[in-house]
Structure formats: C-alpha cells, structure tokens
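A short worksheet on the structure shown next.
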Amino acid sequence: MAQNDTARKDAVQGRKRSPGASVALHAGLIAASVVSAFPVLWIFLTSLKPAGHETSSKFVDHPTFAAYGDLLSHTEFLTWFGNSVLIAGCTTLVGCFLAATTGYAVSRFRFPGMRPVMWTLLITQMFPVAILIVPLYQLLAKLQLLNQPIGLILTYLTIAVPFSAWTMKGYFDTIPTEIDEAGRIDGLNPFGTFWRLILPLARPGLAVTAFYNFITAWGEVAYATQFMTGTDKMTLSAGMQTFVNQYSENWSMMSTASVLIAIPAAIVFLLVQRHLVAGQTAGSVK
Amino acid sequence: MAAVDTTTGRPGAPAASGDAPARGPRRAAGPPSLRAGRLRLALSKHWYAWTLVAPVVIVIAVLVGYPLVEGIYLSTTNANDQNTEKQIGQFLHIPATYKSVGLGNYTDILFGANSTFWARLGFTVSWTVACVGVSFLIGLALAIMLNRRVRFRAFYRTLLILPWAVPAFVSTFSWRFIMNHDRGFLNHALQALGLPAVDWLNDPTMAQVSVIIVNIWLSFPFVMVAVLGGLQSIPAELYEAAEMDGATAWQKFWYITLPALRPVSSTVILLSTIWTFNMFPVIFLLTNGGPGDSTQLLVTYAYNEAFTGMRQFGESSAWGVIILLILVVFAVFYRRSLRKQGEVW
Amino acid sequence: MRRGIAASALVAALAVTLAACGSSGSSGGSAPAAGASVDPGKVSGSVTYWDTSDAKAEAPTYQAVIADFEKKYPNIKVNYVNVPFGDAQNKVKNAFSTGTDAPDVIRSEVAWTPELAADHYLLPLDGTSALVNPDDYLPNPVAATKYDGKTYAVPQVTDTMALFYNKKMFADAGITNPPKSVDELKADSLAIKQKLGKTGFYLRGDDAYWSLSFLYGEGGDLVDANSKTVTIDNPAGVKAFSLMKDLVDSGAAKTSVTDGWTNMMSDFQSGNVAMMINGPWSLATINSGGGAFTDKSNLGIAVVPAGSAAQAAPQGGQSYAIYAGSKNTAASEVFVQYMSSPEAQTKIFQGTGALPTRKSVWAQPEVADTDEAKFFKDAIDKAHQRPWIPEGGTLFAPLVTEYTAMLSGKESPQTAVKNAGDAYRKNLGWK
C-alpha cells in the first residue's frame, strides 16, 4: 500500500516531465554521485599503490595488494575488527532502543520535565568533546570501566542517543496520533502501543538512527584511543592510528586500513538503506 | 488509504494522553498536603513517560552531566596537569593544589592581550553558516530529485550517501590527497583543462574555502536522507488538489513542500549547526588549523592553546563553557523564531 | 578535594618516601630487594610496556627484542601495547594520574620525561638495576633523562637532523660538495634550478621542528631555560625566520604548510628536489621507495648547513621510563635493563636504523661500519640540546602556527617570531 501511494505521488509529480527535464535530472544526479563517490574511490586506489607511489595522481600506479597483506600480518587486525563489531553492534542496538523510547515519550506525552529533557539532550551535544575527554576518563576510571567495551559503549551512547532521540521524535511526530488511540481502545497499555503499533511504523527513522549509531561507534577515534589501554581491546579505527608516526605518516597502510574500515560501514549502510526512505506514508494508513 | 492525515508532520499535534500542556510557566505549588497529592497524581499520570525517558536521562546525567559540572567548576581555577589530584598506583595520592582564579580564565580568553577569540569566532560563525547553509541546499535539492520517479534511483541513492557511510577521518585523508598542490588529482584535472593550479590547502584564504568544501561534502547526505524521509511523508492528495487548482511547480514547492518539511528541516538545521560549530576532526586532520591560524575554529583553537604539552584544564574548561554558552544562546533564539511559526519543543 | 596544607605536606613527604623505596619492589613480584646487586633471573612478574614506534616499520623489531627478553627471563611476562604516537602523551598522563590500567614502562619521548617527572609520575632510576653502567651512555641523550638532579629515564634511541642530498643531481649541476652554510645552500639551489630546472631544497613547512637548525644556526633558540628568558623573538630568531622566508621567496626552496612529510619525501625520492633536511627516521622510507635512490649510493648525507653563528640540529630521541605507581617495579627494572643492553640496542639499530645511545654499541663493528653510523656519530655529539623543562611540550604549538603563517605569507618574519614569543611569555610566565 505504501508503495502504491508513493508510486501515485511519483506519477503525479512526474507526469509532465519533458525529455529535456529527464536529461537534466539524470545529469544532476550523475554529477552529484561522481563528486560524492570520488574521494572514496580515490582512497581505494591509493591503497593499491606501492610505497613511494602513494601520492601519485595516476588512477592506477603499479597496483599491488601488498599493503593488505602487511596490515593483516603486522597488526591484530582481526581482534580489533571483532572489538569494533561488538562495540558498534551494542551501541547500535541499545542506542536505537533508548532513542526510540525517549523520542516516543517526548513526541506523544506532555509531561513535566519534557522540555528540560529535550534541552538536556541538546546541551550534551554542545560541549566540545575534545575537552570532555579528561573528566570522562577519570570518571570511567572510578567506575572501573576503562579498557572495557562497556565503558566505550556507554560513552558512544552519550554521543549518539541525544541526536537519535531528536530524530526519532521527528519521525514519531509524523505518525498520526489516531494510531495510539486505536491501540488504547484495543486495550493496549502505552508500552504495548509503542512496541506493537508505533515502532514498526517508524522503521525508516529507526534505520537512520541505527546507521547513525553504528557509524558513530565505528569511526570514532579520540575516545577509543584514550579509553582502551590494551592492544587486544582496541577498536579498528583507534588501532589504525599507529601508522601515523611522530615525524612520518605511512600512507599506504593508512589508506589500506581506511578501506578495510569503510567496507563494513558500507555493508551496514546497504543493509539499512532500503528502509531509509521506504515510504513514510506507511504511517498514515489503517 | 483515505485516512491520510493532514496533521501529519506537525509536532505538537494533540497529545494522545491528554497530558497537561507543556507550554507556559509551571503553576506555583500549593500547600504541602495539596502538593503531595499533586505529586501522586502526576506520578500516576506520567509514570510511563518518565519510565521511557529515565534510562537516557540517567546515563546522560552521569556521563555528561558530572564532567560538565566539574568542567564549569574547573573553569574558575588554574587547574593544570601539575596541580590536579593524582592517584599514582595504589598507595600514592597527591591532592589537588590548584586555586580559584575567579573569572580570570574567561577574561583572558575574551579580552587578554593578543586575544584572537573574536577573530576565531568570526571564522567559526562564517564556517558554520556556509557549511550548514550550502549542505542544506544541496541536500534538499538532491532529496527532491531522488523523490521523483527516476530510473536507477537506488543506485544514485547509494552513491550519494557514501560520504556519510565512510568514517570521516578516512575521507578526510582522501581529500588531503586530492587537494595536494603538486600531486593532487584536483590540480591535475585543472591543468589538463588548461586552468591554473590552485593552492587548496597552503593559501590562508583558499584553505578556508577548502575545509568548508570538505565539510559540506561530508554533511550533505545526512540532510538529504532526513529531507527525503520528510518528503515521503507529504500526502500525495495535497499535490493532487493543488494541481486541480492549477498550481505551478514552483507554487507547489513553495506552498506545500517547504511548509511540510519544516519539522524535519528545523531539527536538521539545529543539530547541524551545533555539530558544525564544534567540528573537530575535519579541521584537525585536513589543515590542523593552518596556515597560521586561518582555519582554526574555536574548538580546535582551544585544543591547540590549552591541550598540547602541559594541559591547562582550567583554561580549556573556560573555552568549553564559552562555546556551550554561545550555542545555548543560538538555540534559544532559534527556538523562539520557530515558535512564532507554530513549532513547539 | 583539597585537604589543607598540613595534610598535603604529609602526603608529599610520603610521596617522596614511597618513590624512594618504590624500587624495592615491595608491592609486586617476588624480588627480595632491588638495586644493581639483585639477581635479575630470580625476579618474576608482568610488565605492561607502551610503545609508540611505527607499527609497521619499527614495532616488529621491538617485539622481537621483547621475545628475546621473555626467553631469557621466563618468569617475567611482557604485555606489549603499541600506542599511536599522536595521542600517546595525553593517554600516558591520563593513565598515570588515575593509576588505573596504567603501564609499568613507557617509551618516553625526550620532551615528555621532564614533564612526567615534574608531575611525580616517574620512578627515579639512579642506583637501580634499570640503569646499569651509566657512564656508558652518550652525554647528550642522558641530559634529556634528568630532572631536578635525578635520572628518570634510560635512553633508548637518539636522533638529530642532517642534510640529505641527491648526488647525481649535484653532479649534473656541477656542484662538488654539499653546502656548508645557508648562503651556500641558497647558491647551490639556484644553480640547480638554473641548470636542471628542478628545485634545490625542500623546507618542510608544516612542522616547526624542521626550522630549528636554521634558528640554532643564527645563534637563536626558543627559550633559555637557565635564565628563564624567551629568546625566540630576539634578533637571531628574526634573522633565522627571514632566511627561511628568503629561501622560499627566491625560489631556492619550496615548501608547503600541509602534508609536509609526504610532499617532501615524494619530491626528494622522485628527484624533483635535490636536498632536504631530515632525520635518520626517513632512511627506511628512502631505502624502500626506489625512485632516485634505487641505487643507494646516490644518497648523500651531510651536516646541516651552518648559519652565521653555529652549525647545529635539534636533538630528539626516546627513552624508557618506569611508572612510579607500578606494582611490578622489580620486573620493570629488569625489563628496562635488558631493553637498553648493548645486544638489544644493536638489534634495534639493525632492525630500525634508530641510533643507539651507548658508547659501547657505537664501538661495535657491525654498528660502526655502517654508513648511517659513520655520518650520524659526529652529528649526535654536536646535536643541540632542547630545553628539558616540564613545559617543553607547550613550545611547539605556537611555533607551528607562526611558522606556517610566515611561510604562507600571512605574517612577516618579525611578526611571526614576536607572536610566538608573546605566546611563550604567556604560557611560561617568563621574561
């Protein structure tokens, strides 16, 4: 039904498109796609260039996969990869859940403390992270959470959840309140309404939130470098920083590592992206 | 199908639970007995809302609230690496010996000799306005294009979202290669077209433009996805009705699309502004604030001033509080202007 | 948080006592008592070591030496952690200040040691088994391990900078000897430009460490720690900055204020630039990169060009330091002793090219007969001491800002050094 609705809307909007307009539309999209994909392609091409040719402006220059082999043999790549999957995965799951409950509460209920909650969430985003690191480190040390995945997961939640809750609030706002009422009439309590009726309808919002949570945890460097003190506890992004040395930078290794970090992120994105825009109008039916 | 709701996308739509309105000043509490009664009433009425937000509030209060309060306290002291409390191993404890300096850190930053605060604030504001404004326009335009029925839509969408899908520190490295003066792809392309090479990252003014370009590239997909979600929630009936009334494409965009997007775009703009204002990695990795301090934002400048070598916790906290206050002032004004247009939060 | 003067005096006194007997290993391991006389073979425990060396080029060598150590001392387990250099100093300070998950031994950059020692984080090593035969160490690296009269670290590797040049390009341009002074550097560069159409010299512009040999050459320095004076903006500083600006403006040198390392190495390696100032850490890249140096004999190394007053490059390097709060001081001391032993230093030199710090190692034929050792031995002895003060780490950030501002034409050399000097006076509270 949602698909039909979207299609109808498309039909309405696309009806009068002339061939010229179609060409312009495609030209615009192609140009934008090239610009957005090129730097990502470039880092991949760089990873194939041997030492001494990293900065070559040729697309392909003595291609080799040597850096990939070096990376896998000289670092604890697989351990770090596992840590990153664990930490990013937990952040995503817990983050989505917390963001959804909070977002739903502030979207649906007018309760004392609602505005302070919204403000608090915003304010946490305003204080510069670079300056928060030291007090947060001392706090985690007191709580015995240093060098543990849970410490890093909690930290990432403080970054990801405020934004996600705001986003989820926006998506819940677009779901008609009649659905909540229908749930209540059917005898569901507020949690049941939220879990059984509303959450399934908010799938696109959840997809955005999930992806945002994942990428926040996956690509974060500063906290991970400070809070994880053992080699076997590092995340991928933090571990890769060991290729930037005091005076020099190891570009072929850096770019190779970058590609290997980017691929899982891209896969997660591919998995969630079909939900991203799967017809918000789904919320308006029934 | 027919039940498409025109109130869709309006936050502040009648609340399902019939709770007390959140707007307006809180009523003054009555006598104690009455107050206790109200509390019970409030509890029975709001317990589920409070339960829903409690986990987030607790985690945030501990992990951000505590460091934040400590930071505000430290900002009035001369705390640094040497005079703060230390627990060395299990047995050796060295207590803090820092002293209060009142508002000294703040006056030093704002009005001290050689203070470059106002210059840095100027660039930070221009950077924020340029990045948020342009990436919003690009994201909006692309979302509108992608919302049309167009062949290869999923393919375009996937490519257009890549800048968001790749960790920022990875793509920033790539841009450093691409913008390299002698060996970068951009200059080779320009020269192939017979144009002069551009000193993307070494010229003070050009470097400012370059960091803005890279940040726009990083942030437009987020806007695009958010707006796309918003566009899909606009009921087709509205467009159909407008067409029957003979509205032009421009009129449809101006009178239907834009107003319907307001809830999404107000959140996007608010959050983008906060993030962009405090964007650390892009500047740090691309130019490290240089040449000179030309691309230094308030946050990177503060880091450079107070956090390299011996760390000045007092001074850096004062920077953090100043940045926080600037953003709070922005958010208050922004909210006020939204409220005039009927938004509530 | 603060408990009044009496309490803090008591704790401070306690701190000194504890630090003094920290080396007795009372809290960890099974060593009866420390000191040079203890039999290291009887010590047991585990040592967490934070290394900041390059994960690909250097770390494997250090890990191999650690494996040797564990073979020789099976009762001591080493937990090796490679920490990214960029964040390492803050990470070390964070861990040391809370005592949680802190390492026992760190690789301390020369400029960190005084700061960490001033913060009471480091164990004094005089008379412990970590520092065996102190007279065998070269005096310059040792100077960087002292604070307030005590030794807080054991030199691991040392370095300084030199002029690297492309012999073939010199021959093509008709230059017989590497330039001995900045004036000759300029003249030779212009000759190369005229005859070969290539640039003579690459001045790394994004890291102010590369400007120091010019500053020292004019008799200048960042600060004078003895008299507590800021010296960067005296006439020598102005002259040094003007000289560098002139090298770039006249076309004798090229520079860039971002990606300096990559640009410099690519240009030098591809034969686009005939000279650069660099340290021994660049040898690994040059040797592996091919290009103009596929034939290794094409690389020439000479002392940095002299200015009007002196000829000197900055001294860098790394040391081993032990955490004052370590539970495994006895095992840590044995570890440091082994890692800085002559056989370990020889192996590290052979594996990484990093220069040893012991006289006996420099004397060994497998070290002394190498080209690097032949050149750098002399340079190391002449290297210019940096100010070994706790605030040393704060000196570079303002200098980089002003250096890049000057090179990109945003500021005059006079303004640049004056601004740097003002920043120092504010940060240090000196004259």
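Letters A, B, ... mark the chains of the structure tokens in the order given; residue numbers begin at 1 per chain; ligand numbers begin at 1, in order shown.
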Counting only C-alpha atoms, which residues of chain B fall within 10 Å of chain C, and what is the closest atom pair for each with its distance in Å at one decimal, ordered by chain and rising number, as CSV?
residue,atom,partner,partner_atom,distance
B:Asp81,CA,C:Asp119,CA,7.3
B:Gln82,CA,C:Asp119,CA,5.4
B:Asn83,CA,C:Asp119,CA,8.2
B:Thr84,CA,C:Ser97,CA,8.8
B:Glu85,CA,C:Met1,CA,7.6
B:Lys86,CA,C:Ser97,CA,4.8
B:Gln87,CA,C:Thr98,CA,5.0
B:Ile88,CA,C:Gly325,CA,4.8
B:Gly89,CA,C:Gly325,CA,3.6
B:Gln90,CA,C:Gly325,CA,6.7
B:Phe91,CA,C:Gly325,CA,7.7
B:Leu92,CA,C:Ala15,CA,6.0
B:His93,CA,C:Val11,CA,7.0
B:Ile94,CA,C:Val11,CA,6.5
B:Pro95,CA,C:Arg2,CA,6.0
B:Ala96,CA,C:Arg2,CA,5.7
B:Thr97,CA,C:Arg2,CA,6.8
B:Tyr98,CA,C:Arg2,CA,8.8
B:Ala113,CA,C:Asp422,CA,9.2
B:Asn114,CA,C:Asp422,CA,8.1
B:Arg176,CA,C:Asp259,CA,7.7
B:Phe177,CA,C:Asp259,CA,8.8
B:Asn180,CA,C:Asp259,CA,7.8
B:His181,CA,C:Ser256,CA,8.4
B:Asp182,CA,C:Asn263,CA,8.0
B:Arg183,CA,C:Asn263,CA,8.3
B:Asp199,CA,C:Ser256,CA,9.4
B:Trp200,CA,C:Thr258,CA,9.9
B:Leu201,CA,C:Thr258,CA,6.5
B:Asn202,CA,C:Val257,CA,5.5
B:Asp203,CA,C:Ser408,CA,6.2
B:Pro204,CA,C:Ser408,CA,7.0
B:Thr205,CA,C:Lys410,CA,9.8
B:Ala207,CA,C:Thr258,CA,9.9
B:Leu285,CA,C:Thr258,CA,9.9
B:Leu286,CA,C:Thr258,CA,7.9
B:Thr287,CA,C:Thr258,CA,6.1
B:Asn288,CA,C:Thr258,CA,8.2
B:Gly289,CA,C:Thr401,CA,8.1
B:Gly290,CA,C:Thr404,CA,6.6
B:Pro291,CA,C:Thr404,CA,5.0
B:Gly292,CA,C:Ala405,CA,3.7
B:Asp293,CA,C:Thr401,CA,6.0
B:Ser294,CA,C:Ala405,CA,8.3
B:Gln296,CA,C:Thr401,CA,9.9
B:Asn304,CA,C:Ala397,CA,6.4
B:Glu305,CA,C:Ala397,CA,7.5
B:Ala306,CA,C:Thr394,CA,8.7
B:Phe307,CA,C:Thr394,CA,8.6
B:Thr308,CA,C:Thr394,CA,5.9
B:Gly309,CA,C:Gly393,CA,3.8
B:Met310,CA,C:Glu391,CA,6.1
B:Arg311,CA,C:Thr394,CA,8.5
B:Gln312,CA,C:Asn427,CA,9.7
Next, dump the selected residues to file, keeping only C-alpha atoms, as a PDB file, in the first residue's frame.
ATOM      1  CA  ASP B  81      48.497  18.821  34.687  1.00  0.00           C
ATOM      2  CA  GLN B  82      50.817  19.656  37.576  1.00  0.00           C
ATOM      3  CA  ASN B  83      48.386  20.768  40.251  1.00  0.00           C
ATOM      4  CA  THR B  84      45.438  18.426  39.869  1.00  0.00           C
ATOM      5  CA  GLU B  85      44.694  15.463  42.077  1.00  0.00           C
ATOM      6  CA  LYS B  86      46.635  12.311  41.276  1.00  0.00           C
ATOM      7  CA  GLN B  87      46.347   8.708  42.319  1.00  0.00           C
ATOM      8  CA  ILE B  88      49.687   7.170  41.431  1.00  0.00           C
ATOM      9  CA  GLY B  89      49.448   3.430  41.708  1.00  0.00           C
ATOM     10  CA  GLN B  90      47.611   2.098  44.717  1.00  0.00           C
ATOM     11  CA  PHE B  91      49.279   3.925  47.549  1.00  0.00           C
ATOM     12  CA  LEU B  92      50.498   7.294  46.423  1.00  0.00           C
ATOM     13  CA  HIS B  93      47.880  10.007  46.421  1.00  0.00           C
ATOM     14  CA  ILE B  94      48.750  13.585  45.608  1.00  0.00           C
ATOM     15  CA  PRO B  95      45.950  16.036  46.411  1.00  0.00           C
ATOM     16  CA  ALA B  96      44.971  18.917  44.208  1.00  0.00           C
ATOM     17  CA  THR B  97      46.695  22.240  44.820  1.00  0.00           C
ATOM     18  CA  TYR B  98      45.051  24.438  42.237  1.00  0.00           C
ATOM     19  CA  ALA B 113      46.468  40.714  25.328  1.00  0.00           C
ATOM     20  CA  ASN B 114      46.838  39.061  21.905  1.00  0.00           C
ATOM     21  CA  ARG B 176      44.137  15.695   1.596  1.00  0.00           C
ATOM     22  CA  PHE B 177      45.498  13.604  -1.268  1.00  0.00           C
ATOM     23  CA  ASN B 180      47.565  18.195  -2.661  1.00  0.00           C
ATOM     24  CA  HIS B 181      49.161  21.056  -4.551  1.00  0.00           C
ATOM     25  CA  ASP B 182      51.677  19.183  -6.731  1.00  0.00           C
ATOM     26  CA  ARG B 183      50.311  15.667  -6.859  1.00  0.00           C
ATOM     27  CA  ASP B 199      46.845  26.158  -3.744  1.00  0.00           C
ATOM     28  CA  TRP B 200      43.952  24.448  -1.971  1.00  0.00           C
ATOM     29  CA  LEU B 201      45.448  23.963   1.472  1.00  0.00           C
ATOM     30  CA  ASN B 202      48.501  26.244   1.604  1.00  0.00           C
ATOM     31  CA  ASP B 203      46.962  29.613   0.924  1.00  0.00           C
ATOM     32  CA  PRO B 204      45.259  31.096   4.013  1.00  0.00           C
ATOM     33  CA  THR B 205      42.053  32.128   2.224  1.00  0.00           C
ATOM     34  CA  ALA B 207      42.387  26.796   2.879  1.00  0.00           C
ATOM     35  CA  LEU B 285      43.141  16.271  10.010  1.00  0.00           C
ATOM     36  CA  LEU B 286      42.915  18.492   6.952  1.00  0.00           C
ATOM     37  CA  THR B 287      44.851  21.634   7.867  1.00  0.00           C
ATOM     38  CA  ASN B 288      45.456  21.368  11.611  1.00  0.00           C
ATOM     39  CA  GLY B 289      44.132  24.922  11.753  1.00  0.00           C
ATOM     40  CA  GLY B 290      46.755  26.325   9.408  1.00  0.00           C
ATOM     41  CA  PRO B 291      48.208  28.121   7.579  1.00  0.00           C
ATOM     42  CA  GLY B 292      48.870  30.221  10.664  1.00  0.00           C
ATOM     43  CA  ASP B 293      45.557  30.093  12.481  1.00  0.00           C
ATOM     44  CA  SER B 294      43.431  30.833   9.431  1.00  0.00           C
ATOM     45  CA  GLN B 296      41.257  27.414  13.357  1.00  0.00           C
ATOM     46  CA  ASN B 304      45.764  23.880  20.499  1.00  0.00           C
ATOM     47  CA  GLU B 305      46.044  26.545  23.193  1.00  0.00           C
ATOM     48  CA  ALA B 306      45.259  24.512  26.253  1.00  0.00           C
ATOM     49  CA  PHE B 307      45.717  20.857  25.449  1.00  0.00           C
ATOM     50  CA  THR B 308      49.085  20.440  23.775  1.00  0.00           C
ATOM     51  CA  GLY B 309      52.022  19.714  26.053  1.00  0.00           C
ATOM     52  CA  MET B 310      51.131  20.596  29.623  1.00  0.00           C
ATOM     53  CA  ARG B 311      47.346  20.637  29.718  1.00  0.00           C
ATOM     54  CA  GLN B 312      45.552  23.648  31.176  1.00  0.00           C
TER      55      GLN B 312
END
Considering only C-alpha atoms, extract the chain C residues located within 7 Å of chain A and return them as a short mmCIF file (atom, residue, chain, number, x, y, z; two decimals) with C-alpha atoms, in the first residue's frame.
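The file below, iface.cif, is the result:
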data_model
loop_
_atom_site.label_atom_id
_atom_site.label_comp_id
_atom_site.auth_asym_id
_atom_site.auth_seq_id
_atom_site.Cartn_x
_atom_site.Cartn_y
_atom_site.Cartn_z
CA ASP C 54 55.75 2.95 13.94
CA ALA C 55 53.51 -0.12 13.81
CA LYS C 56 54.90 -1.35 10.53
CA VAL C 81 50.96 -2.39 23.62
CA ASN C 82 51.54 -0.20 20.58
CA VAL C 83 50.04 3.24 21.25
CA PRO C 84 49.52 5.75 18.41
CA PHE C 85 52.11 8.47 18.91
CA GLY C 86 49.73 11.35 18.28
CA LYS C 91 46.99 8.83 27.16
CA THR C 98 44.32 7.72 37.87
CA THR C 100 44.02 2.57 36.60
CA ASP C 101 45.20 0.35 33.77
CA TRP C 261 56.18 14.98 5.14
CA SER C 266 57.82 12.32 -2.70
CA GLY C 289 60.85 3.70 -2.01
#
Item checked: Pairwise distance for atom CA of Ala187 of chain C and atom CA of Met275 of chain C, rounded to one decimal in Å -> 12.7 Å
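With only C-alpha atoms as the basis for measurement, B:Leu159 is the residue among B:Ala61, B:Leu110, B:Leu159, B:Met224 that approaches chain A most closely.
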Next item on the list: Could you give me, as a PyMOL selection string, each residue of segment 283-339 of chain B that DSSP assigns to alpha helix (DSSP H) when run on this structure's backbone?
Entry: chain B and resi 283-286+298-306+313-339
Next item on the list: Please provide as a PyMOL selection string all residues within 8 Å of Thr167 of chain A, with the sequence filter that same-chain residues fewer than 2 positions apart are discarded (counting only C-alpha atoms).
Entry: (chain A and resi 103+163-165+169-171+205+209) or (chain B and resi 267)
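You can rank A:Gly69, A:Pro116, A:Pro200, A:Pro149 by their closest distance to chain B using only C-alpha atoms, and at the top of that list sits A:Pro116.
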Check: Could you state the separation of atom CA of Gly291 of chain C and atom CA of Ser270 of chain C in Å, given to one decimal place?
Finding: 5.2 Å
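For the pair atom CA of Pro305 of chain C and atom CA of Lys180 of chain C, the separation is 4.7 Å.
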